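Containing mmCIF, C-alpha atoms, pLDDT in the B column; chains and numbers go by the auth columns: query.cif.
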data_target
#
loop_
_atom_site.group_PDB
_atom_site.id
_atom_site.type_symbol
_atom_site.label_atom_id
_atom_site.label_comp_id
_atom_site.label_asym_id
_atom_site.label_seq_id
_atom_site.Cartn_x
_atom_site.Cartn_y
_atom_site.Cartn_z
_atom_site.B_iso_or_equiv
_atom_site.auth_seq_id
_atom_site.auth_asym_id
ATOM 1 C CA ILE A 1 10.954 5.994 -0.582 88.00 25 L
ATOM 2 C CA VAL A 2 9.706 5.740 3.006 89.00 26 L
ATOM 3 C CA GLY A 3 6.098 5.449 4.174 91.00 27 L
ATOM 4 C CA PHE A 4 2.963 3.780 2.846 94.00 28 L
ATOM 5 C CA GLU A 5 1.411 6.937 1.356 92.00 29 L
ATOM 6 C CA ALA A 6 4.669 8.044 -0.256 90.00 30 L
ATOM 7 C CA VAL A 7 5.327 4.611 -1.782 93.00 31 L
ATOM 8 C CA HIS A 8 1.797 4.503 -3.197 93.00 32 L
ATOM 9 C CA TYR A 9 2.267 7.998 -4.625 91.00 33 L
ATOM 10 C CA TYR A 10 5.486 7.161 -6.481 90.00 34 L
ATOM 11 C CA LEU A 11 4.291 3.756 -7.678 93.00 35 L
ATOM 12 C CA SER A 12 1.225 5.516 -9.068 91.00 36 L
ATOM 13 C CA GLY A 13 3.455 7.644 -11.289 88.00 37 L
ATOM 14 C CA ARG A 14 3.474 10.546 -8.808 86.00 38 L
ATOM 15 C CA THR A 15 -0.306 10.744 -8.971 86.00 39 L
ATOM 16 C CA PRO A 16 -1.905 12.019 -5.735 86.00 40 L
ATOM 17 C CA PHE A 17 -4.257 9.514 -4.123 88.00 41 L
ATOM 18 C CA ARG A 18 -7.862 10.626 -4.534 83.00 42 L
ATOM 19 C CA PRO A 19 -10.103 7.916 -3.078 78.00 43 L
ATOM 20 C CA PRO A 20 -13.485 7.189 -4.630 73.00 44 L
ATOM 21 C CA VAL A 21 -16.169 8.914 -2.616 65.00 45 L
ATOM 22 C CA VAL A 22 -18.386 6.609 -0.566 55.00 46 L
ATOM 23 C CA ASP A 23 -21.732 8.346 -0.016 52.00 47 L
ATOM 24 C CA GLU A 24 -25.321 7.270 0.588 50.00 48 L
ATOM 25 C CA ASN A 25 -26.127 7.180 -3.125 53.00 49 L
ATOM 26 C CA MET A 26 -23.115 4.999 -3.799 52.00 50 L
ATOM 27 C CA LEU A 27 -24.088 2.587 -1.056 50.00 51 L
ATOM 28 C CA ARG A 28 -27.667 2.457 -2.358 54.00 52 L
ATOM 29 C CA HIS A 29 -26.579 1.762 -5.940 53.00 53 L
ATOM 30 C CA GLU A 30 -23.705 -0.628 -5.264 51.00 54 L
ATOM 31 C CA ARG A 31 -25.630 -3.768 -6.065 50.00 55 L
ATOM 32 C CA ASP A 32 -27.280 -2.219 -9.115 56.00 56 L
ATOM 33 C CA GLU A 33 -23.917 -1.238 -10.595 50.00 57 L
ATOM 34 C CA LEU A 34 -22.405 -4.619 -9.932 48.00 58 L
ATOM 35 C CA ALA A 35 -25.389 -6.421 -11.422 51.00 59 L
ATOM 36 C CA THR A 36 -25.464 -4.201 -14.525 52.00 60 L
ATOM 37 C CA PHE A 37 -21.804 -3.569 -15.323 46.00 61 L
ATOM 38 C CA GLY A 38 -19.886 -6.189 -13.348 47.00 62 L
ATOM 39 C CA HIS A 39 -17.932 -3.456 -11.571 44.00 63 L
ATOM 40 C CA ARG A 40 -18.540 -0.259 -9.686 42.00 64 L
ATOM 41 C CA ALA A 41 -18.120 3.193 -11.206 43.00 65 L
ATOM 42 C CA GLN A 42 -15.107 5.041 -9.852 41.00 66 L
ATOM 43 C CA ARG A 43 -15.784 8.397 -8.154 41.00 67 L
ATOM 44 C CA LYS A 44 -12.966 10.592 -6.941 40.00 68 L
ATOM 45 C CA GLU A 45 -12.592 13.434 -4.494 42.00 69 L
ATOM 46 C CA ALA A 46 -10.901 16.122 -6.559 43.00 70 L
ATOM 47 C CA ASN A 47 -9.125 18.029 -3.753 44.00 71 L
ATOM 48 C CA TYR A 48 -8.049 15.164 -1.530 40.00 72 L
ATOM 49 C CA SER A 49 -4.471 16.422 -1.098 41.00 73 L
ATOM 50 C CA ASP A 50 -5.625 19.872 -0.023 43.00 74 L
ATOM 51 C CA THR A 51 -8.396 18.754 2.320 44.00 75 L
ATOM 52 C CA HIS A 52 -6.174 16.206 4.061 42.00 76 L
ATOM 53 C CA GLY A 53 -3.481 18.717 4.917 38.00 77 L
ATOM 54 C CA TYR A 54 -0.618 17.833 2.620 36.00 78 L
ATOM 55 C CA GLN A 55 0.636 18.323 -0.892 38.00 79 L
ATOM 56 C CA VAL A 56 2.119 15.016 -1.942 37.00 80 L
ATOM 57 C CA GLU A 57 3.237 16.575 -5.200 36.00 81 L
ATOM 58 C CA ASN A 58 5.918 18.438 -3.235 39.00 82 L
ATOM 59 C CA TRP A 59 7.139 15.566 -1.062 39.00 83 L
ATOM 60 C CA ALA A 60 10.925 15.174 -1.172 44.00 84 L
ATOM 61 C CA LEU A 61 11.010 11.535 -0.192 49.00 85 L
ATOM 62 C CA ILE A 62 13.585 9.877 -2.408 62.00 86 L
ATOM 63 C CA ASP A 63 16.897 9.332 -0.615 71.00 87 L
ATOM 64 C CA ASP A 64 20.205 7.950 -1.842 79.00 88 L
ATOM 65 C CA TRP A 65 21.525 5.068 0.257 87.00 89 L
ATOM 66 C CA GLN A 66 24.695 2.994 0.134 89.00 90 L
ATOM 67 C CA LEU A 67 24.113 -0.724 -0.373 90.00 91 L
ATOM 68 C CA LEU A 68 26.021 -2.667 2.301 92.00 92 L
ATOM 69 C CA ASP A 69 24.639 -6.145 1.824 92.00 93 L
ATOM 70 C CA GLN A 70 22.062 -7.974 -0.292 91.00 94 L
ATOM 71 C CA SER A 71 20.351 -11.361 -0.079 90.00 95 L
ATOM 72 C CA ALA A 72 17.515 -13.069 -1.912 82.00 96 L
ATOM 73 C CA ASN A 73 14.868 -11.471 0.278 89.00 97 L
ATOM 74 C CA GLY A 74 16.425 -8.379 1.775 93.00 98 L
ATOM 75 C CA VAL A 75 19.039 -5.638 1.764 94.00 99 L
ATOM 76 C CA ARG A 76 21.061 -3.632 4.257 94.00 100 L
ATOM 77 C CA LEU A 77 21.479 0.070 3.481 93.00 101 L
ATOM 78 C CA GLN A 78 23.335 2.970 5.064 92.00 102 L
ATOM 79 C CA ARG A 79 23.368 6.759 4.777 90.00 103 L
ATOM 80 C CA PRO A 80 24.538 9.783 6.807 90.00 104 L
ATOM 81 C CA LEU A 81 22.225 10.223 9.801 86.00 105 L
ATOM 82 C CA LYS A 82 20.922 13.674 8.901 81.00 106 L
ATOM 83 C CA ALA A 83 20.905 13.285 5.113 77.00 107 L
ATOM 84 C CA GLY A 84 17.258 12.349 4.519 77.00 108 L
ATOM 85 C CA VAL A 85 13.772 11.718 5.854 79.00 109 L
ATOM 86 C CA ARG A 86 13.114 9.882 9.112 84.00 110 L
ATOM 87 C CA VAL A 87 12.809 6.115 8.913 89.00 111 L
ATOM 88 C CA GLY A 88 10.928 3.933 11.382 91.00 112 L
ATOM 89 C CA SER A 89 10.922 0.194 11.970 94.00 113 L
ATOM 90 C CA GLY A 90 7.767 -1.392 10.555 95.00 114 L
ATOM 91 C CA GLN A 91 7.308 1.179 7.790 95.00 115 L
ATOM 92 C CA ILE A 92 6.674 0.350 4.147 96.00 116 L
ATOM 93 C CA ILE A 93 9.618 1.277 1.946 94.00 117 L
ATOM 94 C CA ALA A 94 10.391 1.116 -1.768 93.00 118 L
ATOM 95 C CA ILE A 95 13.886 0.905 -3.227 91.00 119 L
ATOM 96 C CA LYS A 96 15.267 1.009 -6.747 87.00 120 L
ATOM 97 C CA MET A 97 18.592 -0.692 -7.311 81.00 121 L
ATOM 98 C CA ALA A 98 21.177 0.813 -9.652 78.00 122 L
ATOM 99 C CA GLY A 99 20.301 -0.137 -13.210 79.00 123 L
ATOM 100 C CA SER A 100 16.754 -1.242 -12.334 80.00 124 L
ATOM 101 C CA ALA A 101 13.664 0.293 -13.916 83.00 125 L
ATOM 102 C CA HIS A 102 11.299 -0.752 -11.123 87.00 126 L
ATOM 103 C CA PHE A 103 10.873 -0.120 -7.436 90.00 127 L
ATOM 104 C CA MET A 104 10.863 -3.081 -5.075 93.00 128 L
ATOM 105 C CA VAL A 105 8.578 -2.828 -2.058 96.00 129 L
ATOM 106 C CA GLY A 106 9.455 -4.067 1.393 96.00 130 L
ATOM 107 C CA ALA A 107 9.368 -3.281 5.089 97.00 131 L
ATOM 108 C CA VAL A 108 11.962 -1.761 7.426 96.00 132 L
ATOM 109 C CA ARG A 109 12.779 -4.482 9.988 96.00 133 L
ATOM 110 C CA TRP A 110 15.579 -2.898 12.005 96.00 134 L
ATOM 111 C CA ILE A 111 17.443 0.393 12.370 96.00 135 L
ATOM 112 C CA LEU A 112 20.943 0.978 13.756 95.00 136 L
ATOM 113 C CA GLN A 113 22.414 4.390 14.480 92.00 137 L
ATOM 114 C CA GLU A 114 26.181 4.557 14.594 90.00 138 L
ATOM 115 C CA ASP A 115 28.081 7.500 16.050 89.00 139 L
ATOM 116 C CA GLY A 116 31.438 8.673 14.790 83.00 140 L
ATOM 117 C CA GLU A 117 32.997 11.525 12.886 86.00 141 L
ATOM 118 C CA THR A 118 30.080 11.232 10.460 87.00 142 L
ATOM 119 C CA PRO A 119 27.094 9.619 12.246 91.00 143 L
ATOM 120 C CA THR A 120 25.244 7.115 10.082 93.00 144 L
ATOM 121 C CA VAL A 121 22.016 5.154 10.133 92.00 145 L
ATOM 122 C CA SER A 122 21.764 1.606 8.792 94.00 146 L
ATOM 123 C CA ILE A 123 18.516 -0.197 8.053 95.00 147 L
ATOM 124 C CA GLY A 124 17.568 -3.773 7.299 96.00 148 L
ATOM 125 C CA ILE A 125 14.818 -4.212 4.724 96.00 149 L
ATOM 126 C CA GLN A 126 12.708 -7.291 4.074 96.00 150 L
ATOM 127 C CA LEU A 127 11.763 -7.241 0.387 95.00 151 L
ATOM 128 C CA PHE A 128 8.422 -8.542 -0.860 95.00 152 L
ATOM 129 C CA PRO A 129 8.737 -10.474 -4.149 92.00 153 L
ATOM 130 C CA GLY A 130 7.057 -9.111 -7.266 92.00 154 L
ATOM 131 C CA HIS A 131 6.196 -5.678 -8.620 94.00 155 L
ATOM 132 C CA ALA A 132 3.550 -4.016 -6.467 96.00 156 L
ATOM 133 C CA GLN A 133 0.437 -2.566 -8.123 96.00 157 L
ATOM 134 C CA PRO A 134 -1.053 0.501 -6.395 96.00 158 L
ATOM 135 C CA VAL A 135 -4.746 0.087 -5.579 96.00 159 L
ATOM 136 C CA ALA A 136 -7.462 1.684 -3.463 96.00 160 L
ATOM 137 C CA VAL A 137 -8.758 -0.601 -0.716 96.00 161 L
ATOM 138 C CA ARG A 138 -11.544 -0.450 1.827 95.00 162 L
ATOM 139 C CA ILE A 139 -13.167 -2.816 4.312 95.00 163 L
ATOM 140 C CA PHE A 140 -16.376 -3.966 2.634 92.00 164 L
ATOM 141 C CA ASP A 141 -19.492 -3.538 4.773 86.00 165 L
ATOM 142 C CA PRO A 142 -22.674 -2.232 3.092 79.00 166 L
ATOM 143 C CA LYS A 143 -23.872 -0.933 6.470 82.00 167 L
ATOM 144 C CA LEU A 144 -20.859 1.340 6.927 80.00 168 L
ATOM 145 C CA ARG A 145 -19.214 4.099 4.912 80.00 169 L
ATOM 146 C CA GLU A 146 -15.711 2.770 5.064 87.00 170 L
ATOM 147 C CA PRO A 147 -13.362 5.085 3.140 90.00 171 L
ATOM 148 C CA TYR A 148 -10.923 3.892 0.512 94.00 172 L
ATOM 149 C CA LYS A 149 -7.269 4.011 1.478 95.00 173 L
ATOM 150 C CA GLN A 150 -3.956 3.305 -0.212 96.00 174 L
ATOM 151 C CA GLY A 151 -3.122 -0.331 -0.840 97.00 175 L
ATOM 152 C CA LEU A 152 -0.668 -2.413 -2.847 98.00 176 L
ATOM 153 C CA ARG A 153 -1.276 -5.712 -4.609 97.00 177 L
ATOM 154 C CA LEU A 154 1.549 -8.196 -5.067 97.00 178 L
ATOM 155 C CA PRO A 155 1.466 -11.004 -7.649 96.00 179 L
ATOM 156 C CA ALA A 156 1.973 -14.651 -6.812 96.00 180 L
ATOM 157 C CA MET A 157 5.599 -15.740 -7.217 95.00 181 L
ATOM 158 C CA PRO A 158 5.587 -19.557 -7.461 94.00 182 L
ATOM 159 C CA ALA A 159 9.355 -19.713 -7.971 92.00 183 L
ATOM 160 C CA VAL A 160 9.896 -18.481 -4.404 90.00 184 L
ATOM 161 C CA LYS A 161 6.661 -19.978 -3.031 93.00 185 L
ATOM 162 C CA GLU A 162 5.059 -16.585 -2.406 94.00 186 L
ATOM 163 C CA PRO A 163 1.257 -16.339 -2.768 96.00 187 L
ATOM 164 C CA GLU A 164 -0.573 -13.360 -4.213 97.00 188 L
ATOM 165 C CA ALA A 165 -0.965 -10.801 -1.456 97.00 189 L
ATOM 166 C CA LEU A 166 -2.557 -7.493 -0.544 98.00 190 L
ATOM 167 C CA ILE A 167 -0.697 -4.867 1.460 98.00 191 L
ATOM 168 C CA ALA A 168 -3.386 -2.950 3.338 97.00 192 L
ATOM 169 C CA PRO A 169 -3.305 -0.319 6.101 96.00 193 L
ATOM 170 C CA ALA A 170 -2.785 -1.649 9.622 96.00 194 L
ATOM 171 C CA GLY A 171 -6.068 -2.701 11.191 94.00 195 L
ATOM 172 C CA THR A 172 -7.657 -3.910 7.964 96.00 196 L
ATOM 173 C CA PHE A 173 -7.262 -7.649 8.514 96.00 197 L
ATOM 174 C CA ARG A 174 -10.062 -9.791 9.886 94.00 198 L
ATOM 175 C CA VAL A 175 -10.210 -13.566 9.419 93.00 199 L
ATOM 176 C CA LYS A 176 -12.494 -14.098 6.410 94.00 200 L
ATOM 177 C CA GLY A 177 -13.091 -10.354 6.340 94.00 201 L
ATOM 178 C CA LEU A 178 -14.170 -8.806 3.055 95.00 202 L
ATOM 179 C CA VAL A 179 -12.353 -5.945 1.387 96.00 203 L
ATOM 180 C CA GLU A 180 -12.901 -4.203 -1.902 95.00 204 L
ATOM 181 C CA ILE A 181 -10.099 -2.973 -4.104 95.00 205 L
ATOM 182 C CA LEU A 182 -10.164 -0.594 -7.054 93.00 206 L
ATOM 183 C CA ALA A 183 -7.512 -0.535 -9.768 91.00 207 L
ATOM 184 C CA ASP A 184 -7.660 0.792 -13.311 86.00 208 L
ATOM 185 C CA GLY A 185 -11.363 1.579 -12.953 83.00 209 L
ATOM 186 C CA MET A 186 -12.283 -1.979 -12.003 90.00 210 L
ATOM 187 C CA SER A 187 -13.453 -3.188 -8.603 90.00 211 L
ATOM 188 C CA GLU A 188 -12.863 -6.563 -7.034 94.00 212 L
ATOM 189 C CA ARG A 189 -13.994 -8.073 -3.765 95.00 213 L
ATOM 190 C CA LEU A 190 -11.586 -10.232 -1.761 97.00 214 L
ATOM 191 C CA MET A 191 -11.843 -12.420 1.325 97.00 215 L
ATOM 192 C CA LEU A 192 -8.772 -12.116 3.535 97.00 216 L
ATOM 193 C CA SER A 193 -7.214 -15.384 4.666 97.00 217 L
ATOM 194 C CA HIS A 194 -3.956 -14.976 6.593 96.00 218 L
ATOM 195 C CA VAL A 195 -1.480 -12.302 7.636 97.00 219 L
ATOM 196 C CA LEU A 196 1.987 -12.899 6.210 96.00 220 L
ATOM 197 C CA ASP A 197 3.640 -9.830 7.745 94.00 221 L
ATOM 198 C CA ARG A 198 2.708 -6.871 9.921 94.00 222 L
ATOM 199 C CA GLY A 199 4.290 -3.487 10.482 95.00 223 L
ATOM 200 C CA THR A 200 3.398 -0.253 12.195 95.00 224 L
ATOM 201 C CA GLU A 201 1.465 0.947 9.155 95.00 225 L
ATOM 202 C CA PHE A 202 0.583 -2.153 7.140 97.00 226 L
ATOM 203 C CA GLU A 203 -0.578 -5.774 6.991 97.00 227 L
ATOM 204 C CA ARG A 204 0.440 -8.085 4.142 97.00 228 L
ATOM 205 C CA CYS A 205 -2.400 -10.564 3.693 97.00 229 L
ATOM 206 C CA THR A 206 -3.270 -13.520 1.518 97.00 230 L
ATOM 207 C CA PHE A 207 -6.760 -13.585 0.056 97.00 231 L
ATOM 208 C CA GLU A 208 -9.302 -15.375 -2.086 96.00 232 L
ATOM 209 C CA PRO A 209 -11.326 -13.591 -4.792 94.00 233 L
ATOM 210 C CA VAL A 210 -15.056 -13.393 -4.137 92.00 234 L
ATOM 211 C CA ALA A 211 -17.374 -13.684 -7.120 80.00 235 L
ATOM 212 C CA THR A 212 -19.417 -10.544 -7.876 65.00 236 L
ATOM 213 C CA GLY A 213 -22.801 -10.704 -6.245 52.00 237 L
ATOM 214 C CA LYS A 214 -21.767 -13.377 -3.739 43.00 238 L
ATOM 215 C CA LYS A 215 -22.762 -12.541 -0.183 42.00 239 L
#
Structure encoded using structure tokens:
Amino acid sequence: IVGFEAVHYYLSGRTPFRPPVVDENMLRHERDELATFGHRAQRKEANYSDTHGYQVENWALIDDWQLLDQSANGVRLQRPLKAGVRVGSGQIIAIKMAGSAHFMVGAVRWILQEDGETPTVSIGIQLFPGHAQPVAVRIFDPKLREPYKQGLRLPAMPAVKEPEALIAPAGTFRVKGLVEILADGMSERLMLSHVLDRGTEFERCTFEPVATGKK
């Protein structure tokens, strides 16, 4: 599965992304909700797919690739050149190995087109350890109406010395910048620490949780 939005869609059980609506009332009541309930109520825009010009329910984004090589933190895949969707270096990608029940998320690091009787394209993928959880994420600034966008949360993997991380849209990261994520109806505020990886459409960042109500 190629592309941040498509990966989020499939990891969400093929549920279209409908970001919580950030309006003036929400901004005005943010602190009240946090103080009363410990989390913010989730509001959704019902027709997000329509109003943003695409129907993700109809995306044909799952391709079959041949596995050429595999290591602890990456794979090399190949397919006929014209057999599937376009792939770009720096994109988020999700793959499911034969016999696996879960997608693994990673980033396309290189692409090689090979001519011949049947032209092929090969790609090198860096895999991120752990099962990614789809979330909604936005830059937190009470003075602005920052919209929620697709994000992915990765668990800490001590066995391979990987910290817990947030995959956010490119341009999200600021040193000690605050973001807010929503998952399963619960909100959480995080302070971004470092960038582990960057791509054309994402930043994989470490973070520290920020206690509710802390400024």
query: Looking at L:Leu178, L:Val132, L:Ile119, L:Leu91, which one is nearest to Gly154 in chain L, with distances taken over all atoms listed in the file?
result: L:Leu178
- request: With the file shown as input, list the residues that the PyMOL selection byres ((chain L and resi 219) around 7) selects, as a count of residues only.
  value: 7
query: Between L:Ser211, L:Gln174, L:Ser95, L:Gln137, which has the minimum distance to Pro158 in chain L (counting all atoms listed in the file)?
result: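 With all atoms listed in the file as the atom set, the closest residue is L:Gln174.
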task: Work out how far apart CA of Asp93 in chain L and CA of Gly108 in chain L are and give it in Å to one decimal.
output: 20.1 Å
- request: Compile the contact shell of Asp165 in chain L as a PyMOL selection string: residues with an atom at most 9 Å away, counting all atoms listed in the file, same-chain residues fewer than 4 positions apart removed.
  value: chain L and resi 169-170+202-203
Find the residues with any atom within 12 Å of (-17.0, -5.6, 1.7); use all atoms listed in the file and the coordinates as given in the file, and write the answer as a CSV table (one decimal) with C-alpha atoms, in the coordinates of the input.
chain,number,residue,atom,x,y,z
L,51,LEU,CA,-24.1,2.6,-1.1
L,54,GLU,CA,-23.7,-0.6,-5.3
L,55,ARG,CA,-25.6,-3.8,-6.1
L,161,VAL,CA,-8.8,-0.6,-0.7
L,162,ARG,CA,-11.5,-0.4,1.8
L,163,ILE,CA,-13.2,-2.8,4.3
L,164,PHE,CA,-16.4,-4.0,2.6
L,165,ASP,CA,-19.5,-3.5,4.8
L,166,PRO,CA,-22.7,-2.2,3.1
L,167,LYS,CA,-23.9,-0.9,6.5
L,168,LEU,CA,-20.9,1.3,6.9
L,169,ARG,CA,-19.2,4.1,4.9
L,170,GLU,CA,-15.7,2.8,5.1
L,171,PRO,CA,-13.4,5.1,3.1
L,172,TYR,CA,-10.9,3.9,0.5
L,196,THR,CA,-7.7,-3.9,8.0
L,198,ARG,CA,-10.1,-9.8,9.9
L,200,LYS,CA,-12.5,-14.1,6.4
L,201,GLY,CA,-13.1,-10.4,6.3
L,202,LEU,CA,-14.2,-8.8,3.1
L,203,VAL,CA,-12.4,-5.9,1.4
L,204,GLU,CA,-12.9,-4.2,-1.9
L,205,ILE,CA,-10.1,-3.0,-4.1
L,211,SER,CA,-13.5,-3.2,-8.6
L,212,GLU,CA,-12.9,-6.6,-7.0
L,213,ARG,CA,-14.0,-8.1,-3.8
L,214,LEU,CA,-11.6,-10.2,-1.8
L,215,MET,CA,-11.8,-12.4,1.3
L,216,LEU,CA,-8.8,-12.1,3.5
L,233,PRO,CA,-11.3,-13.6,-4.8
L,234,VAL,CA,-15.1,-13.4,-4.1
L,235,ALA,CA,-17.4,-13.7,-7.1
L,236,THR,CA,-19.4,-10.5,-7.9
L,237,GLY,CA,-22.8,-10.7,-6.2
L,238,LYS,CA,-21.8,-13.4,-3.7
L,239,LYS,CA,-22.8,-12.5,-0.2
Atomic separation - CA of Ile116 in chain L relative to CA of Glu232 in chain L, Å: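 The value is 23.3 Å.
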